[in-house]
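Peer 1: If you scroll down you'll find the structure; I have some questions about it.
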Amino acid sequence: MDRRQVLAYRVAEHGLHRSAKDVADLAVVRAGLQDSMRDTALLALVARLDGPVSLEDERLVLAWTLRGAPHHHLRTDLPEALRALIPLDDADALARMLWQRKELAATGLAATEVVFTAAAALREVVTAPMTKGAVSTAVTQRLPPSFARWCRGCNATHIHEQLMRIASPLGGVRLVTGASPATLAPLEGRGRLRKTPDPAAATALVERYLRLNGPASPGDAAEFAGTARAVVDRTWPADLVPVDVEGKTRYLPADRLPALENPPEPDVVRLLPPLDPFIQARDKTLLVPDPLRRKEVWKMLGNPGVLLADGDIAGTWRTKGSGSKLTVTLTAFDPLRPAVREEAEAEAARVAAARGFEKLAVTWAG
C-alpha cells in the first residue's frame, strides 16, 4: 500500500466524508475525542457532522484519559475506557507519567502504589464539583511530600500535574464540560476504586487505534495510549494482518482489510483543528512526508489547524477573533484548484458559525 491509499482509508474511518448522522456514530468519539485546546473537539465534530454541533450532550462525558489529556467519551463507552487506564504493573504506571517519570520514580515507592494512593485521595476529596486549584490544594495536603513539587507559575506546592491527571479517572473523577477554570466532579454512579488490571480492555484500546489509524505499528499504538512499547506488546490484538506500507510492516484488524484495499475517493475539503484525531496518528512522516512541512504542522507551541484536500494535508490555517468577526488565514503548501479554495472558504464559514461569530473574513497567505 502507498500512503495515498492509507490516507484515503483513514479519511473514511475518521468520518470525514460526513456520512454519520449522530455524534454516537463517529468512531473518533468511540475512541475518545481530545479537547485540549480551544474548541478542538467542537471543530473536530464540525468537520464530520452536518447541522448544529454541541458538546453539551448528556451522552458525552469529559475526563482525563488517554495520555492524561482531556477526552470526551460516550458514557456507555467510559467504563471500558477507564479499565484500559488501570496500569498493568509498575512499568506501565511509570510510563504513563510521561514527562514526569523522574518525579514519580523519586518518591521511592512502587509506581502503582503512588498512582492508587493519589486516586484514593482524589476520590475522597472530589465529592461535588470543585475547581482544579481547590482539588489540587486539598489532595496535596493528604499525600506524602514526595508526591508534590513547588510550582513557580502557581506560586504553590501541589501534586505533580501528570499524576493528578492519570489518577483522577481511576479515582472516579471527571471534568465538567465547558467550565472555566477547569472544574472536577465525581463520576455519576462510580463504584469502588478498582486496582485489578484489565488486559482485555487495554487490547481493545489498541485495536480501536489500529482501526482508525491503521495500518500502524506497536510503537505508534503505545505512543497514542501513553505507555511503553513493551506494555502494548503484551496486549497486542490477535486478529491482525500485516500490511506493507511503502516498505514498512504495519498492522490492521483483519476485518478492515477490504476497506483498506478499496477506500472511497477522499475527495473532500475539511479544516481540521489542532489535535484533531486525524493528525493525532503517530506516524507523522506518513501524514506529512516533507520535513519542512511537518515543522509547520507540528510545532513546539501553538499548532495550527490543517487543511485537508483530496486525501492529503494540503496546508494550515489559523484564526483570530475580534468582537463578532473571525478572521481565518489559510496557507496552502502548493497552489490549489479554485474549487478547493472555494470549499475551504465554505468550511471556514462553518467554523465561524460553530464558534458563534457573526462575521467572517478569509485570507490566503503565501
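A note on labels: chains of the C-alpha cells are A, B, ... as shown, every chain counts residues from 1, and ligands are counted from 1 in their shown order.
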When DSSP works through the backbone of this structure, what residues of region 2-127 of chain A end up as strand (DSSP E or B), shown as a count of residues only?
Peer 2: 12
Peer 1: Any idea what's packed within 10 Å of Glu343 (chain A), counting only C-alpha atoms, ignoring anything in its chain fewer than 2 positions away? Could you give it as a PyMOL selection string?
Peer 2: chain A and resi 268-271+309+338-341+345-349
Peer 1: For region 219-229 of chain A, please output as number ranges by chain all residues within 10 Å (counting only C-alpha atoms; exclusion window: fewer than 2 positions along the same chain).
Peer 2: A: 65-69, 84-85, 87, 91-98, 202, 205-210, 213-217, 231-234, 236, 250, 280-284
Peer 1: As a list in words, please: the residues near Pro274 (chain A) (cut-off 12 Å, only C-alpha atoms, same-chain neighbours under 4 positions excluded).
Peer 2: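 Here the qualifying residues turn out to be Gln34, Asp35, Ser36, Met37, Arg38, Asp39, Thr40, Ala41, Leu42, Leu43, Ala44, Phe278, Ile279, Gln280, Glu296, Val297, Trp298, Lys299, Leu301, Gly302, Asn303, Pro304, Gly305, Val306, Leu307, Thr316, Trp317, Arg318 and Thr319 of chain A.
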Peer 1: My list of candidates is A:Ala31, A:Leu163, A:Ala200, A:Met130. Which is closest to Ser180 (chain A) when distances are computed with only C-alpha atoms?
Peer 2: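 Checking each candidate against Ser180 (chain A), we get A:Met130 as the closest.
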Peer 1: Write out as a list in words the residues lying within 10 Å of region 257-261 of chain A, counting only C-alpha atoms and excluding same-chain residues fewer than 5 positions away.
Peer 2: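 Here the qualifying residues turn out to be Met1, Gln5, Val6, Leu7, Ala8, Tyr9, Arg10, Ala12, Glu13, Arg211, Gly214, Pro215, Leu240, Val241, Pro242, Val243, Tyr251 and Leu252 of chain A.
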Peer 1: Considering only C-alpha atoms, can you say which of A:Leu33, A:Ala354, A:Ala120, A:Leu104 comes closest to Trp64 (chain A)?
Peer 2: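 Of the candidates, the smallest distance to Trp64 (chain A) is held by A:Leu33.
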